[in-house]
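Enquirer: Quick one: the structure is below, questions incoming.
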Amino acid sequence: MLQTFIQIVLVGLAVGAAYALVALGYTLIWNAVSLVNFAQGDLVMLGAFVSVGWLANRLGMPLWLNLVTMLVILGLFGTGLAWGIYHPLRNAPQLSAIVATLGLSMALQNIAVIIWGPQPLNFAGPLGTTSVHLFGSTIYAQYLVILAALAAMMAIQHGLFQYTALGRAMRATAQDAEAARLMGIPTARIIAFIFAYATMLAALAGWLIAPLSYVSSDMGVNLSLRAFAATILGGFGSIPGALVGGLAFGVIESAGSFYISSEYIDVIAFGVLIAVLMFRPQGIFGELELERP
């Protein structure tokens, strides 16, 4: 019984870690430019296709080179999003930029079908179906890889934000872009870097979950919806909230799927989300914004 519970929690945390990586992208871009990037989930799909469809299947790159090359390509793509979509629309009504990201989402899915075809790609990854025994439970080793990757990214991000000039500039831009610009921070380039970093986080999530599912043009749709819900659960705009929200959402799904039914997994997960928001509308780590009457 205890082993089953541990297995449910570990699997839930691993799935939630993928949600958290995408949710962090939502949060960073929102903090920097107050934009919800609805194409964030499709960047998960794009990262998986570039890694599996090109770098692995066609070029046969070794794993480490595959990962680095994919992150560089997607980082450049994210920079292009900042200069190609955000900057031309930065002074337009906010709805224009949001609609642009929705259009980008649909465009990326269609482009993926054109380039890689409608059939999903299978990627076993270096671990295949290898399982490990942990605390008396048995789970796929890839789940532990996902958890380790999230922990490593959090450590890297903490170091970047706390101990580097680039990280401090990112934090200043996220808190108040106009004030940061007046202080001499090149906010346009910092925002471009934030887009690149958020894109790489999504791509990393795609690279990590590819061995656990097929790589298809719509693989990012459900994941982005859940990551967005996790962002709200944790508190929109809160980095700790994105992390905790993603992990919590994954565990809720895993537990609900096992103890109730996998058919009602969406009802369970989003029902919990609604219940939490009824008592804490700003999310777990969010701050309530008061408006003057």
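In the structure tokens, each chain is lettered A, B, ... as it comes, each chain's residues begin at 1, and ligands are numbered from 1 in order of appearance.
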May I have the residues within 12 Å of segment 82-84 of chain A as a count of residues only, using only C-alpha atoms and disregarding those fewer than 5 positions away in the same chain?
Expert: 27
Enquirer: Would you return as a list in words the members of segment 28-186 of chain A that DSSP assigns to strand (DSSP E) on this structure's backbone?
Expert: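 For segment 28-186 of chain A, the strand (DSSP E) set is Ser131, Val132, His133, Leu134, Ser137, Thr138, Ile139 and Tyr140 of chain A.
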Enquirer: Write the residues you've just listed into a file as an mmCIF file, in the first residue's frame, and include all heavy atoms for each of them.
Expert:
data_model
loop_
_atom_site.group_PDB
_atom_site.id
_atom_site.type_symbol
_atom_site.label_atom_id
_atom_site.label_comp_id
_atom_site.auth_asym_id
_atom_site.auth_seq_id
_atom_site.Cartn_x
_atom_site.Cartn_y
_atom_site.Cartn_z
ATOM 1 N N SER A 131 13.344 0.434 -15.835
ATOM 2 C CA SER A 131 12.666 0.760 -14.579
ATOM 3 C C SER A 131 13.657 0.684 -13.428
ATOM 4 O O SER A 131 14.671 -0.025 -13.500
ATOM 5 C CB SER A 131 11.509 -0.216 -14.321
ATOM 6 O OG SER A 131 10.537 -0.123 -15.342
ATOM 7 N N VAL A 132 13.358 1.425 -12.384
ATOM 8 C CA VAL A 132 14.208 1.400 -11.195
ATOM 9 C C VAL A 132 13.334 1.131 -9.980
ATOM 10 O O VAL A 132 12.135 1.455 -9.973
ATOM 11 C CB VAL A 132 14.970 2.729 -11.008
ATOM 12 C CG1 VAL A 132 15.933 2.964 -12.144
ATOM 13 C CG2 VAL A 132 13.991 3.893 -10.895
ATOM 14 N N HIS A 133 13.931 0.556 -8.963
ATOM 15 C CA HIS A 133 13.229 0.287 -7.712
ATOM 16 C C HIS A 133 13.628 1.345 -6.694
ATOM 17 O O HIS A 133 14.816 1.557 -6.446
ATOM 18 C CB HIS A 133 13.568 -1.107 -7.194
ATOM 19 C CG HIS A 133 13.209 -2.191 -8.167
ATOM 20 N ND1 HIS A 133 11.917 -2.633 -8.354
ATOM 21 C CD2 HIS A 133 13.984 -2.907 -9.033
ATOM 22 C CE1 HIS A 133 11.893 -3.569 -9.289
ATOM 23 N NE2 HIS A 133 13.138 -3.764 -9.717
ATOM 24 N N LEU A 134 12.630 2.003 -6.130
ATOM 25 C CA LEU A 134 12.903 3.087 -5.199
ATOM 26 C C LEU A 134 11.868 3.039 -4.081
ATOM 27 O O LEU A 134 10.657 3.117 -4.336
ATOM 28 C CB LEU A 134 12.823 4.434 -5.944
ATOM 29 C CG LEU A 134 13.379 5.655 -5.220
ATOM 30 C CD1 LEU A 134 14.887 5.522 -5.015
ATOM 31 C CD2 LEU A 134 13.083 6.926 -6.033
ATOM 32 N N SER A 137 9.067 0.806 -4.568
ATOM 33 C CA SER A 137 8.215 1.032 -5.735
ATOM 34 C C SER A 137 9.034 0.886 -7.005
ATOM 35 O O SER A 137 10.263 1.001 -6.998
ATOM 36 C CB SER A 137 7.600 2.433 -5.682
ATOM 37 O OG SER A 137 6.860 2.599 -4.495
ATOM 38 N N THR A 138 8.339 0.655 -8.104
ATOM 39 C CA THR A 138 9.003 0.510 -9.397
ATOM 40 C C THR A 138 8.452 1.558 -10.353
ATOM 41 O O THR A 138 7.241 1.619 -10.582
ATOM 42 C CB THR A 138 8.749 -0.891 -9.982
ATOM 43 O OG1 THR A 138 9.213 -1.872 -9.050
ATOM 44 C CG2 THR A 138 9.485 -1.063 -11.305
ATOM 45 N N ILE A 139 9.349 2.400 -10.896
ATOM 46 C CA ILE A 139 8.924 3.427 -11.848
ATOM 47 C C ILE A 139 9.930 3.507 -12.977
ATOM 48 O O ILE A 139 11.068 3.022 -12.865
ATOM 49 C CB ILE A 139 8.799 4.819 -11.182
ATOM 50 C CG1 ILE A 139 10.158 5.289 -10.669
ATOM 51 C CG2 ILE A 139 7.775 4.800 -10.068
ATOM 52 C CD1 ILE A 139 10.138 6.722 -10.190
ATOM 53 N N TYR A 140 9.508 4.097 -14.108
ATOM 54 C CA TYR A 140 10.428 4.303 -15.221
ATOM 55 C C TYR A 140 11.569 5.234 -14.788
ATOM 56 O O TYR A 140 11.339 6.259 -14.120
ATOM 57 C CB TYR A 140 9.709 4.919 -16.407
ATOM 58 C CG TYR A 140 8.792 3.963 -17.145
ATOM 59 C CD1 TYR A 140 7.499 4.334 -17.479
ATOM 60 C CD2 TYR A 140 9.241 2.701 -17.525
ATOM 61 C CE1 TYR A 140 6.659 3.453 -18.154
ATOM 62 C CE2 TYR A 140 8.413 1.819 -18.195
ATOM 63 C CZ TYR A 140 7.121 2.197 -18.511
ATOM 64 O OH TYR A 140 6.302 1.325 -19.171
#
Enquirer: Excluding segment 245-261 of chain A and residues on its chain fewer than 4 positions from it, collect all residues at most 7 Å away from it, counting only C-alpha atoms, and give them as a short mmCIF file (atom, residue, chain, number, x, y, z; two decimals) with C-alpha atoms, in the first residue's frame.
Expert:
data_model
loop_
_atom_site.label_atom_id
_atom_site.label_comp_id
_atom_site.auth_asym_id
_atom_site.auth_seq_id
_atom_site.Cartn_x
_atom_site.Cartn_y
_atom_site.Cartn_z
CA ILE A 8 1.86 7.61 -7.34
CA VAL A 9 3.63 10.57 -5.74
CA VAL A 11 5.10 9.71 -11.02
CA GLY A 12 2.95 12.73 -10.18
CA LEU A 13 5.99 14.81 -9.25
CA VAL A 15 4.79 14.75 -14.65
CA GLY A 16 4.34 17.89 -12.60
CA ALA A 17 8.00 18.77 -13.16
CA TYR A 19 4.30 21.23 -16.14
CA ALA A 20 6.52 23.36 -13.90
CA ALA A 23 4.74 27.21 -16.18
CA ALA A 227 0.85 24.15 -17.20
CA ALA A 230 -0.65 25.08 -12.66
CA THR A 231 0.56 28.66 -13.08
CA LEU A 233 -2.84 27.40 -8.99
CA GLY A 234 0.60 28.52 -7.80
CA GLY A 241 4.19 29.37 -7.43
CA ILE A 265 -8.60 13.05 -14.59
CA ILE A 268 -10.55 15.95 -10.76
CA ALA A 269 -7.55 18.18 -11.48
#
Enquirer: My list of candidates is A:Val36, A:Leu277, A:Val145, A:Leu43. Which is closest to Leu223 of chain A when distances are computed with only C-alpha atoms?
Expert: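 Using only C-alpha atoms, the shortest distance to Leu223 of chain A belongs to A:Leu43.
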Enquirer: Using Å and a single decimal, report how far atom CA of Leu144 of chain A sits from atom CA of Met70 of chain A.
Expert: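 One can read the atom CA of Met70 of chain A to atom CA of Leu144 of chain A distance as 21.3 Å.
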Enquirer: Choose the residue, out of A:Phe135, A:Tyr143, A:Tyr26, A:Tyr214, that has the smallest atom-to-atom separation from Phe123 of chain A; count only C-alpha atoms.
Expert: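 For Phe123 of chain A, the nearest of the given residues is A:Tyr214.
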Enquirer: Check the smallest atom-to-atom distance from each of A:Ile209, A:Gln7, A:Arg280, A:Ile111 to Gly125 of chain A using only C-alpha atoms, then report the winner.
Expert: A:Ile209
Enquirer: Could you pull out the alpha helix (DSSP H) residues of segment 26-190 of chain A from DSSP and send them as a ChimeraX atom specification?
Expert: /A:26-33,40-49,63-81,87-89,94-116,141-163,165-175,177-182,187-190
Enquirer: Residues of segment 96-173 of chain A that approach segment 48-67 of chain A to 12 Å or less, counting only C-alpha atoms: could you list each one with the shortest pair of atoms and its distance in Å to one decimal, rows by chain and increasing residue number, as a tab-separated table?
Expert:
residue	atom	partner	partner_atom	distance
A:Leu108	CA	A:Phe49	CA	11.2
A:Gln109	CA	A:Phe49	CA	10.9
A:Ile111	CA	A:Phe49	CA	11.1
A:Ala112	CA	A:Phe49	CA	7.8
A:Val113	CA	A:Phe49	CA	10.3
A:Ile115	CA	A:Gly53	CA	9.3
A:Trp116	CA	A:Gly53	CA	6.9
A:Gly117	CA	A:Gly53	CA	10.1
A:Gln119	CA	A:Gly53	CA	11.5
A:Pro120	CA	A:Phe49	CA	9.7
A:Leu121	CA	A:Gly53	CA	7.4
A:Asn122	CA	A:Val52	CA	8.3
A:Phe123	CA	A:Val52	CA	6.7
A:Ala124	CA	A:Val52	CA	9.9
A:Gly125	CA	A:Leu63	CA	8.7
A:Pro126	CA	A:Leu63	CA	7.8
A:Leu127	CA	A:Leu63	CA	11.2
Enquirer: Could you state the separation of atom CA of Asn91 of chain A and atom CA of Ala179 of chain A in Å, given to one decimal place?
Expert: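 If I compute the distance from atom CA of Asn91 of chain A to atom CA of Ala179 of chain A, I get 16.9 Å.
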Enquirer: List the neighbours of segment 156-160 of chain A out to 12 Å using only C-alpha atoms; skip same-chain residues closer than 4 positions along the sequence, and give me the result as a list in words.
Expert: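 That gives Leu21, Leu24, Leu28, Ala149, Leu150, Ala151, Ala152, Thr164, Ala165, Leu166, Gly167, Arg168, Ala169, Met170, Arg171, Ile194, Tyr197, Ala198, Leu201, Ile239 and Pro240 of chain A.
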Enquirer: Okay, now the selection with N, CA and C atoms, as an mmCIF file, in the first residue's frame?
Expert:
data_model
loop_
_atom_site.group_PDB
_atom_site.id
_atom_site.type_symbol
_atom_site.label_atom_id
_atom_site.label_comp_id
_atom_site.auth_asym_id
_atom_site.auth_seq_id
_atom_site.Cartn_x
_atom_site.Cartn_y
_atom_site.Cartn_z
ATOM 1 N N LEU A 21 8.181 23.306 -15.710
ATOM 2 C CA LEU A 21 9.110 23.928 -16.659
ATOM 3 C C LEU A 21 8.359 24.856 -17.621
ATOM 4 N N LEU A 24 7.008 27.928 -15.675
ATOM 5 C CA LEU A 24 8.049 28.934 -15.432
ATOM 6 C C LEU A 24 8.184 29.861 -16.632
ATOM 7 N N LEU A 28 7.825 33.879 -16.369
ATOM 8 C CA LEU A 28 8.917 34.804 -16.692
ATOM 9 C C LEU A 28 8.476 35.828 -17.738
ATOM 10 N N ALA A 149 16.293 16.827 -13.722
ATOM 11 C CA ALA A 149 16.455 17.963 -14.631
ATOM 12 C C ALA A 149 15.816 19.218 -14.058
ATOM 13 N N LEU A 150 14.630 19.067 -13.451
ATOM 14 C CA LEU A 150 13.974 20.232 -12.848
ATOM 15 C C LEU A 150 14.819 20.779 -11.696
ATOM 16 N N ALA A 151 15.343 19.880 -10.861
ATOM 17 C CA ALA A 151 16.177 20.327 -9.741
ATOM 18 C C ALA A 151 17.419 21.054 -10.256
ATOM 19 N N ALA A 152 18.030 20.523 -11.318
ATOM 20 C CA ALA A 152 19.225 21.163 -11.881
ATOM 21 C C ALA A 152 18.881 22.535 -12.453
ATOM 22 N N THR A 164 24.594 36.790 -10.937
ATOM 23 C CA THR A 164 25.123 37.303 -12.195
ATOM 24 C C THR A 164 24.464 38.633 -12.536
ATOM 25 N N ALA A 165 25.193 39.466 -13.277
ATOM 26 C CA ALA A 165 24.651 40.759 -13.693
ATOM 27 C C ALA A 165 23.457 40.557 -14.623
ATOM 28 N N LEU A 166 23.550 39.531 -15.477
ATOM 29 C CA LEU A 166 22.434 39.247 -16.387
ATOM 30 C C LEU A 166 21.174 38.887 -15.603
ATOM 31 N N GLY A 167 21.338 38.062 -14.567
ATOM 32 C CA GLY A 167 20.187 37.668 -13.762
ATOM 33 C C GLY A 167 19.575 38.846 -13.028
ATOM 34 N N ARG A 168 20.436 39.712 -12.491
ATOM 35 C CA ARG A 168 19.915 40.897 -11.793
ATOM 36 C C ARG A 168 19.193 41.820 -12.775
ATOM 37 N N ALA A 169 19.719 41.916 -13.995
ATOM 38 C CA ALA A 169 19.038 42.733 -15.001
ATOM 39 C C ALA A 169 17.691 42.119 -15.376
ATOM 40 N N MET A 170 17.632 40.784 -15.427
ATOM 41 C CA MET A 170 16.359 40.117 -15.719
ATOM 42 C C MET A 170 15.352 40.380 -14.607
ATOM 43 N N ARG A 171 15.806 40.299 -13.357
ATOM 44 C CA ARG A 171 14.898 40.546 -12.240
ATOM 45 C C ARG A 171 14.417 41.982 -12.236
ATOM 46 N N ILE A 194 14.896 36.803 -22.049
ATOM 47 C CA ILE A 194 13.851 36.133 -21.265
ATOM 48 C C ILE A 194 12.989 35.249 -22.173
ATOM 49 N N TYR A 197 15.056 32.201 -22.954
ATOM 50 C CA TYR A 197 15.157 31.300 -21.803
ATOM 51 C C TYR A 197 13.843 30.544 -21.586
ATOM 52 N N ALA A 198 12.708 31.262 -21.686
ATOM 53 C CA ALA A 198 11.403 30.615 -21.514
ATOM 54 C C ALA A 198 11.175 29.562 -22.607
ATOM 55 N N LEU A 201 13.173 26.464 -21.747
ATOM 56 C CA LEU A 201 12.537 25.672 -20.689
ATOM 57 C C LEU A 201 11.443 24.780 -21.269
ATOM 58 N N ILE A 239 7.336 32.834 -9.330
ATOM 59 C CA ILE A 239 8.227 31.746 -9.750
ATOM 60 C C ILE A 239 8.101 30.537 -8.808
ATOM 61 N N PRO A 240 8.140 30.745 -7.464
ATOM 62 C CA PRO A 240 7.883 29.575 -6.588
ATOM 63 C C PRO A 240 6.508 28.981 -6.843
#
